[in-house]
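K.L.:
Sending over a structure as structure tokens; questions will come in a sec.
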Amino acid sequence: MKLRTYLLLANTISIAFIIILLVAFYRYMLLSMGQFIWLTTATIGAGVVSVLLHFLLLRPLEAAVRRIGEGARRIAAGDLQARIEHSGLKEFKQLADQFNHMGSSLEESFRQVKAAESAQRELVANMAHDLRTPLASVQSYVEALEDDIIQDEGTFRNYLATIRTETVRLGILIQDLFELSTLDKVRQEPEELKLSIAEDVLVELLPRFTKPMDMKSLQFNVKLPDRPLRLRIAPRHLQRILQNLLENAIRHSPKDGKLSITAEELEDKGGMIVRFTVSDEGEGISVEERELIFERFYRSDHSRSREGGGAGLGLSIAKLLVEQNGGRIGVLQASPQGSEFWFTLEVFKEEWTGGGR
């Protein structure tokens with residue numbers, strides 16, 4: 001049964017019941033036959049007019065319900081852009097708002113699902129390519145050694161060194177993929193929210209980069225505040241962030257270029273944060289690419305290169321670690337050239353409340 005039919009039937013039954021009662025009451029009143037007939041006729045006429053008015057007034061209500069049903073049918077058919085016009089009674093306008101909000105949410109969710117599927121396909125394709133390249137290289141060199149093609153001792157050692165380099169690349173890529181998937185799925189546990197002292201982390205980290213910086217004759221400068229900085233982040237996470245940014249900076253720095261790490265304390269919404277900056281004098285990064293470079297496996301002529309072992313995961317891992325610890329990360333154009341990667345972390349509260357170490 002349709003809504004209009006149901007409401008009209010309910011209205012007709014109620015009016016008929018009222019008319020029957022009134023006619024019964026008229027019969028026992030001290031009325032002449034003429035008065036009885038006129039009152040009965042007037043009552044029945046009023047009932048008929050009431051039914052007609054009810055029928056007319058129900059039409060906007062029926063139209064509003066029909067529009068909502070049509071919108072639901074379109075969404076069920078896959079048209080997630082279906083929306084309902086705001087008209088009719090206040091309650092139906094509110095219902096239309098809620099329906100349109102639901103449609104917008106479904107459309108956004110569907111867009112995110114499609115984007116995630118596309119990103120997943122791209123990730124798998126890039127993984128296959130990055131794994132296939134060193135594997136093919138290792139296979140070709142191993143086959144050459146098995147066939148006794150190489151007789152020269154120096155060339156033999158070069159082949160072994162190349163095989164070792166390619167296997168190291170494979171190991172780094174697999175470790176990065178494992179760490180990235182772990183960071184995606186598992187949020188930090190409370191015991192992970194440890195404190196790290198920036199100076200101690202840098203003292204342990206920087207010796208690892210002595211050789212690659214010497215190979216390019218890079219000038220390196222570190223500038224930190226005078227007092228120790230205690231940060232609300234696990235030391236190994238801070239070390240991994242700085243390591244990934246430094247690897248990226250060294251990879252894209254020109255020979256005899258300059259590298260620098262700076263840290264400064266800043267006020268932020270009633271608290272204190274530390275802003276780290278890693279600067280280089282490389283090619284720089286265009287404005288359009290400054291958000292894309294933090295996406296996994298993203299590469300461009302300026303910001304990503306397989307030369308030197310870059311797989312396009314280091315900056316993604318750095319971004320995840322910074323954001324999981326409540327900070328922000330980004331990149332700017334350095335002056336006069338190069339890139340300036342920055343990230344912020346929260347200072348341990350006792351540091352800025354005077355609680356001491």
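As shown in the structure tokens, the chain order sets the letters A, B, ...; within each chain, residues go from 1, and ligands are also counted from 1 in the order they appear.
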For stretch 220-290 of chain A versus stretch 319-323 of chain A, which residues have an atom no more than 12 Å away, and what is each residue's nearest atom pair and distance in Å rounded to one decimal, using only C-alpha atoms, chain-then-number order, as a Markdown table?
P.N.:
```
| residue | atom | partner | partner_atom | distance |
| --- | --- | --- | --- | --- |
| A:Leu231 | CA | A:Val322 | CA | 11.9 |
| A:Arg232 | CA | A:Val322 | CA | 11.0 |
| A:Ile233 | CA | A:Val322 | CA | 9.0 |
| A:Ala234 | CA | A:Leu321 | CA | 10.0 |
| A:Pro235 | CA | A:Leu321 | CA | 11.5 |
| A:Arg236 | CA | A:Leu321 | CA | 10.4 |
| A:His237 | CA | A:Leu321 | CA | 6.6 |
| A:Leu238 | CA | A:Leu321 | CA | 8.1 |
| A:Gln239 | CA | A:Leu321 | CA | 10.5 |
| A:Arg240 | CA | A:Leu321 | CA | 8.5 |
| A:Ile241 | CA | A:Leu321 | CA | 7.1 |
| A:Leu242 | CA | A:Val322 | CA | 10.5 |
| A:Asn244 | CA | A:Lys319 | CA | 10.1 |
| A:Leu245 | CA | A:Lys319 | CA | 10.2 |
| A:Arg275 | CA | A:Val322 | CA | 11.5 |
| A:Phe276 | CA | A:Val322 | CA | 11.2 |
```
K.L.:
Please list as an MDAnalysis selection string every residue within 12 Å of A:Val168, counting only C-alpha atoms and excluding residues in the same chain fewer than 6 positions away.
P.N.:
chainID A and resid 131 134:135 138 161:162 174:175 308:309
K.L.:
So which one's closest to A:Lys255, A:Gln98, A:Ser217, A:Thr210, A:Gln81? Using only C-alpha atoms, please.
P.N.:
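Looking at the shortest contact to A:Lys255, the residue is A:Ser217.
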